[in-house]
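Printed here is run-v5.cif (mmCIF, C-alpha atoms):
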```cif
data_my_file
loop_
_atom_site.label_atom_id
_atom_site.label_comp_id
_atom_site.auth_asym_id
_atom_site.auth_seq_id
_atom_site.Cartn_x
_atom_site.Cartn_y
_atom_site.Cartn_z
CA MET G 233 99.57 90.86 126.26
CA PRO G 234 98.49 87.39 125.04
CA GLN G 235 96.80 85.19 127.61
CA PRO G 236 98.10 81.66 128.30
CA SER G 237 96.13 78.87 126.68
CA TRP G 238 94.10 76.34 128.64
CA PHE G 239 96.79 73.74 128.03
CA ASN G 240 99.48 75.98 129.53
CA ARG G 241 97.30 76.73 132.55
CA LEU G 242 96.52 73.05 133.03
CA SER G 243 100.21 72.12 132.73
CA ILE G 244 101.23 74.75 135.29
CA PHE G 245 98.48 73.66 137.67
CA ALA G 246 99.45 69.99 137.31
CA GLY G 247 103.13 70.78 137.89
CA LEU G 248 102.48 72.91 140.98
CA THR G 249 100.10 70.29 142.35
CA PHE G 250 102.70 67.57 141.85
CA LEU G 251 105.28 69.67 143.70
CA TYR G 252 103.27 71.10 146.59
CA LEU G 253 100.51 68.57 147.29
CA PRO G 254 102.90 66.07 148.96
CA ILE G 255 104.29 68.91 151.10
CA ALA G 256 100.77 69.90 152.15
CA VAL G 257 99.97 66.28 153.06
CA LEU G 258 103.21 66.06 155.05
CA VAL G 259 102.36 69.21 157.02
CA ALA G 260 98.82 67.98 157.69
CA TYR G 261 99.95 64.57 158.93
CA SER G 262 102.56 66.15 161.21
CA PHE G 263 99.58 66.97 163.47
CA ASN G 264 98.39 63.36 163.42
CA ALA G 265 97.74 61.76 166.81
CA SER G 266 98.27 58.25 165.44
CA ARG G 267 101.69 56.60 165.20
CA LEU G 268 100.82 55.48 161.68
CA VAL G 269 101.77 58.05 159.07
CA THR G 270 98.97 57.25 156.63
CA VAL G 271 96.16 56.78 159.18
CA TRP G 272 94.56 59.88 160.66
CA GLY G 273 93.98 59.52 164.39
CA GLY G 274 92.96 63.05 165.34
CA PHE G 275 94.66 66.39 165.83
CA SER G 276 97.69 66.48 168.10
CA THR G 277 100.99 68.35 168.49
CA GLN G 278 102.69 65.54 170.40
CA TRP G 279 105.12 64.78 167.57
CA TYR G 280 106.50 68.33 167.65
CA THR G 281 107.22 67.89 171.34
CA ALA G 282 108.79 64.51 170.64
CA ALA G 283 110.98 65.96 167.88
CA ILE G 284 112.16 68.93 169.96
CA THR G 285 112.93 66.79 173.00
CA ASN G 286 114.67 64.07 170.98
CA GLN G 287 118.35 64.60 171.83
CA SER G 288 119.50 62.58 168.83
CA ILE G 289 117.52 64.78 166.43
CA VAL G 290 118.62 67.99 168.17
CA GLU G 291 122.28 66.95 168.06
CA GLY G 292 121.99 66.03 164.38
CA ALA G 293 120.39 69.40 163.63
CA LYS G 294 123.20 71.25 165.44
CA ILE G 295 125.86 69.38 163.47
CA SER G 296 124.01 69.92 160.18
CA PHE G 297 123.58 73.67 160.63
CA LEU G 298 127.14 74.16 161.89
CA VAL G 299 128.64 72.14 159.04
CA ALA G 300 126.41 73.88 156.48
CA ALA G 301 127.32 77.38 157.72
CA ILE G 302 131.08 76.75 157.77
CA SER G 303 131.21 74.83 154.49
CA ALA G 304 129.05 77.45 152.76
CA THR G 305 131.43 80.18 153.90
CA PHE G 306 134.48 78.31 152.60
CA ALA G 307 132.67 77.42 149.36
CA THR G 308 131.62 81.02 148.75
CA VAL G 309 135.14 82.38 149.30
CA LEU G 310 136.85 79.74 147.17
CA GLY G 311 134.14 79.80 144.51
CA SER G 312 134.33 83.59 144.27
CA LEU G 313 138.11 83.47 143.81
CA ALA G 314 137.72 80.82 141.12
CA ALA G 315 135.03 82.91 139.40
CA ILE G 316 137.27 85.97 139.39
CA VAL G 317 140.08 83.96 137.82
CA THR G 318 137.89 82.46 135.09
CA VAL G 319 136.12 85.73 134.20
CA ARG G 320 138.86 88.35 134.56
CA ILE G 321 141.88 86.22 133.59
CA ARG G 322 140.47 84.65 130.47
CA ARG G 323 143.64 83.30 128.89
CA PHE G 324 146.17 81.33 130.87
CA ARG G 325 147.74 77.92 130.50
CA GLY G 326 145.28 75.23 131.53
CA HIS G 327 142.24 77.54 131.38
CA HIS G 328 139.93 74.92 129.86
CA ILE G 329 141.16 72.21 132.23
CA PHE G 330 140.58 74.52 135.20
CA ASN G 331 137.04 75.32 134.04
CA GLY G 332 136.28 71.65 133.51
CA MET G 333 137.56 70.65 136.94
CA LEU G 334 135.62 73.52 138.51
CA VAL G 335 132.22 72.44 137.17
CA ALA G 336 132.86 68.68 137.26
CA PRO G 337 131.27 68.14 140.74
CA MET G 338 127.98 69.52 139.37
CA VAL G 339 127.58 66.58 136.98
CA MET G 340 129.53 63.97 138.90
CA PRO G 341 127.45 61.44 140.90
CA GLU G 342 127.59 62.14 144.61
CA VAL G 343 128.47 58.53 145.37
CA VAL G 344 131.68 58.93 143.35
CA MET G 345 132.63 62.03 145.31
CA GLY G 346 131.73 60.34 148.59
CA VAL G 347 133.87 57.29 147.90
CA SER G 348 136.81 59.39 146.68
CA MET G 349 136.64 61.60 149.78
CA LEU G 350 136.47 58.52 151.99
CA LEU G 351 139.54 56.97 150.35
CA MET G 352 141.46 60.23 150.65
CA PHE G 353 140.70 60.66 154.37
CA VAL G 354 141.54 57.01 155.07
CA THR G 355 144.81 57.29 153.14
CA LEU G 356 145.79 60.44 155.01
CA GLY G 357 144.80 58.91 158.34
CA VAL G 358 142.31 61.66 159.14
CA ASP G 359 139.66 60.81 161.73
CA ARG G 360 136.25 61.22 160.20
CA GLY G 361 133.79 63.55 161.86
CA PRO G 362 132.34 67.06 161.51
CA VAL G 363 135.63 68.39 160.09
CA THR G 364 135.76 65.87 157.24
CA ILE G 365 132.07 66.45 156.45
CA THR G 366 132.73 70.20 156.32
CA LEU G 367 135.68 69.78 153.96
CA ALA G 368 133.71 67.42 151.71
CA HIS G 369 130.69 69.73 151.57
CA ALA G 370 132.86 72.78 150.85
CA THR G 371 134.49 70.91 147.97
CA PHE G 372 131.13 69.78 146.61
CA THR G 373 129.32 73.14 146.86
CA MET G 374 132.21 75.33 145.70
CA CYS G 375 131.34 74.76 142.04
CA PHE G 376 127.76 75.97 142.55
CA ALA G 377 128.98 79.11 144.30
CA ALA G 378 131.47 79.74 141.50
CA VAL G 379 128.78 79.53 138.82
CA VAL G 380 126.55 82.03 140.65
CA VAL G 381 129.38 84.54 141.12
CA GLN G 382 130.59 84.00 137.54
CA SER G 383 127.23 84.97 136.08
CA ARG G 384 127.10 88.17 138.12
CA LEU G 385 130.72 89.14 137.47
CA ALA G 386 130.31 88.62 133.72
CA GLU G 387 127.37 91.06 133.70
CA LEU G 388 129.30 93.91 135.35
CA ASP G 389 130.38 96.71 133.07
CA PRO G 390 134.20 96.82 133.11
CA SER G 391 134.11 100.49 132.13
CA LEU G 392 133.16 101.36 135.71
CA GLU G 393 136.44 99.99 137.01
CA GLU G 394 138.29 101.55 134.11
CA ALA G 395 136.84 104.95 135.05
CA ALA G 396 138.01 104.46 138.64
CA ARG G 397 141.51 103.55 137.43
CA ASP G 398 141.56 106.59 135.15
CA LEU G 399 140.91 108.73 138.22
CA GLY G 400 144.00 107.30 139.91
CA CYS G 401 142.58 104.32 141.80
CA PRO G 402 144.84 101.23 141.85
CA PRO G 403 143.41 98.16 140.03
CA PHE G 404 142.90 96.09 143.20
CA LEU G 405 141.29 98.99 145.07
CA ALA G 406 139.09 99.77 142.07
CA PHE G 407 137.89 96.18 142.01
CA MET G 408 137.21 96.17 145.77
CA LYS G 409 135.32 99.47 145.75
CA VAL G 410 133.46 99.19 142.44
CA ALA G 411 132.95 95.53 141.55
CA VAL G 412 132.66 93.90 144.98
CA PRO G 413 129.71 96.06 146.23
CA ASN G 414 127.80 95.18 143.05
CA MET G 415 128.51 91.49 143.62
CA VAL G 416 127.14 91.31 147.17
CA PRO G 417 123.78 89.83 146.03
CA ALA G 418 125.70 87.12 144.16
CA PHE G 419 127.79 86.38 147.26
CA VAL G 420 124.64 86.05 149.36
CA SER G 421 122.95 83.85 146.76
CA ALA G 422 126.04 81.64 146.49
CA TRP G 423 126.22 81.27 150.27
CA LEU G 424 122.53 80.41 150.59
CA LEU G 425 122.73 77.88 147.76
CA SER G 426 125.83 76.25 149.27
CA PHE G 427 124.18 76.23 152.70
CA THR G 428 121.05 74.55 151.33
CA LEU G 429 122.99 71.91 149.40
CA SER G 430 125.12 71.09 152.45
CA LEU G 431 122.12 70.92 154.77
CA ASP G 432 120.29 68.61 152.36
CA ASP G 433 123.18 66.27 151.55
CA LEU G 434 122.97 62.64 152.61
CA VAL G 435 125.25 60.61 150.30
CA ILE G 436 128.53 62.48 150.81
CA SER G 437 127.85 62.86 154.54
CA SER G 438 127.34 59.10 154.87
CA PHE G 439 130.79 58.40 153.41
CA THR G 440 132.72 61.11 155.25
CA THR G 441 131.13 60.94 158.70
CA GLY G 442 132.38 59.13 161.77
CA PRO G 443 131.04 57.87 165.09
CA GLY G 444 128.92 60.47 166.86
CA ALA G 445 128.85 62.88 163.92
CA SER G 446 125.60 62.07 162.13
CA THR G 447 123.83 64.92 160.36
CA LEU G 448 120.09 65.55 160.44
CA PRO G 449 119.39 63.89 157.04
CA MET G 450 121.25 60.81 158.26
CA LYS G 451 119.17 60.76 161.46
CA ILE G 452 115.94 61.03 159.49
CA TYR G 453 117.03 58.35 157.03
CA SER G 454 117.90 55.96 159.86
CA GLN G 455 114.43 56.47 161.34
CA ILE G 456 112.81 55.77 157.97
CA LYS G 457 114.63 52.45 157.71
CA PHE G 458 113.17 51.28 161.03
CA GLY G 459 109.68 52.71 160.50
CA VAL G 460 108.33 56.17 159.77
CA THR G 461 106.46 58.04 162.50
CA PRO G 462 104.82 61.49 162.33
CA GLU G 463 107.90 62.76 164.17
CA VAL G 464 109.67 62.85 160.81
CA ASN G 465 106.78 64.91 159.43
CA ALA G 466 107.11 67.32 162.34
CA ILE G 467 110.84 67.77 161.73
CA SER G 468 110.22 68.43 158.04
CA THR G 469 107.45 70.91 158.85
CA ILE G 470 109.73 72.82 161.23
CA ILE G 471 112.41 73.08 158.53
CA LEU G 472 109.76 74.18 156.02
CA GLY G 473 108.52 76.83 158.45
CA VAL G 474 112.05 78.21 158.88
CA VAL G 475 112.46 78.42 155.10
CA VAL G 476 109.10 80.18 154.63
CA PHE G 477 109.91 82.61 157.45
CA GLY G 478 113.25 83.42 155.81
CA LEU G 479 111.60 84.05 152.43
CA VAL G 480 108.93 86.31 153.95
CA ALA G 481 111.52 88.21 155.99
CA SER G 482 113.75 88.77 152.96
CA ARG G 483 110.74 89.97 150.99
CA ILE G 484 109.80 92.46 153.70
CA VAL G 485 113.36 93.71 154.05
CA SER G 486 113.89 94.14 150.30
CA ARG G 487 110.59 95.99 149.77
CA PRO G 488 111.68 99.33 151.34
CA SER G 489 114.91 99.33 149.34
CA ALA G 490 112.97 98.70 146.14
CA LYS G 491 110.59 101.58 146.94
CA SER G 492 113.47 103.92 147.71
CA SER G 493 115.23 103.05 144.44
CA LEU G 494 112.03 103.75 142.52
CA ALA G 495 111.61 107.06 144.31
CA VAL G 496 115.13 108.09 143.36
#
```

If you took the structure in this file and wrote it as structure tokens, what would it be?
Amino acid sequence: MPQPSWFNRLSIFAGLTFLYLPIAVLVAYSFNASRLVTVWGGFSTQWYTAAITNQSIVEGAKISFLVAAISATFATVLGSLAAIVTVRIRRFRGHHIFNGMLVAPMVMPEVVMGVSMLLMFVTLGVDRGPVTITLAHATFTMCFAAVVVQSRLAELDPSLEEAARDLGCPPFLAFMKVAVPNMVPAFVSAWLLSFTLSLDDLVISSFTTGPGASTLPMKIYSQIKFGVTPEVNAISTIILGVVVFGLVASRIVSRPSAKSSLAV
């Protein structure tokens, strides 16, 4: 196997440094005793205590996680249905228009979607709050979920379902018992991607939110406008720790299944 050249190694090292060095600095300065973010004043965990006991931050985190979980569920269900239509029903009137409208939010600026959602809710007289944020996030993330499920569904061998139908299984039951179990990893990936995009969103949430319904990114952004403190670093480090814990846990859980499949 050919070894990577020094230029490739240097490029990879520079890219990883550019990505992860700021995160490492953020984690280090979350233990800063000083109120100034860029001035080290000694080791302290006071900002973690301040972040956990900050009711505004806690309330924003609850709203963000609740909205992200619900919107990701809706986005995964709707995106999966759209993926099934585009992959299995290839020719129908308006197929290209449907595909274009499905992937349009991926390339459309978020500010355009935010303004359009705001105008729609105002026109319909809907009070803005967690419900409107959830609907907006589900609409925005549905296209990403559809793309993930589409790629997995297109890879499935249709002969497996055909064999089930030849043995007397109805088409819908054959799809549910043959295709759906093989698509579970795609469903999980689509849900996690939708959840992450919803949890991270700031622009659309700013347009579709109402009084008393600010998400965690909006809370953090409002603090940055009035002056950054290491409390923001502590919040970011906690979120990073949750993500790392989830990755490690998924790795540990998937390892026995991989070993068992190799043994078989």

Item checked: For Val381 (chain G), the nearest of the candidates G:Ala307, G:Glu463, G:Phe245, G:Gly400, counting only C-alpha atoms ->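 Smallest distance to Val381 (chain G) is found for G:Ala307.
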
Next item on the list: Skip Thr440 (chain G) itself and residues of its chain fewer than 2 positions away, then list as a ChimeraX atom specification all residues within 12 Å of it, counting only C-alpha atoms.
Entry: /G:342-343,345-354,358-369,433-438,442-443,445-447,450

Once the PyMOL selection byres ((chain G and resi 409-420) around 7) has been evaluated on this model, what residues remain selected, and can you format them as a tab-separated table (two decimals) with C-alpha atoms, in the coordinates of the input?
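Below you can see out26.tsv, which holds the result:
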```tsv
chain	number	residue	atom	x	y	z
G	308	THR	CA	131.62	81.02	148.75
G	380	VAL	CA	126.55	82.03	140.65
G	381	VAL	CA	129.38	84.54	141.12
G	384	ARG	CA	127.10	88.17	138.12
G	385	LEU	CA	130.72	89.14	137.47
G	393	GLU	CA	136.44	99.99	137.01
G	405	LEU	CA	141.29	98.99	145.07
G	406	ALA	CA	139.09	99.77	142.07
G	407	PHE	CA	137.89	96.18	142.01
G	408	MET	CA	137.21	96.17	145.77
G	421	SER	CA	122.95	83.85	146.76
G	422	ALA	CA	126.04	81.64	146.49
G	423	TRP	CA	126.22	81.27	150.27
G	424	LEU	CA	122.53	80.41	150.59
```

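Picture a line from CA of Ala370 (chain G) to CA of Leu388 (chain G); it runs 26.4 Å.
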
Next item on the list: In the coordinates of the file, take the point (108.4, 65.1, 160.3) and a cut-off of 9 Å; then, counting all atoms listed in the file, name each qualifying protein, DNA or RNA residue as a list in words.
Entry: Leu258, Val259, Tyr261, Ser262, Trp279, Tyr280, Ala283, Ile452, Val460, Thr461, Pro462, Glu463, Val464, Asn465, Ala466, Ile467, Ser468, Thr469 and Ile470 of chain G

Checklist line | Result set, the PyMOL selection byres ((chain G and resi 337) around 9) on current file, as an MDAnalysis selection string | finding: chainID G and resid 333:336 338:342 345 371:376

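Using only C-alpha atoms, the contacts of Ile316 (chain G) at a cut-off of 10 Å, with sequence neighbours closer than 5 positions omitted, comprise Leu310, Gly311, Ile321, Arg322, Ala378, Val381, Gln382, Leu385 and Ala386 of chain G.
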
Check: So, counting only C-alpha atoms, which residue among G:Val309, G:Ile284, G:Leu472, G:Val299 is closest to Tyr252 (chain G)?
Finding: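 Smallest distance to Tyr252 (chain G) is found for G:Leu472.
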
Notebook entry, point to check: What is the distance, in Å and to one decimal place, between CA of Lys294 (chain G) and CA of Ile255 (chain G)?
Noted result: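 So the answer is 23.8 Å.
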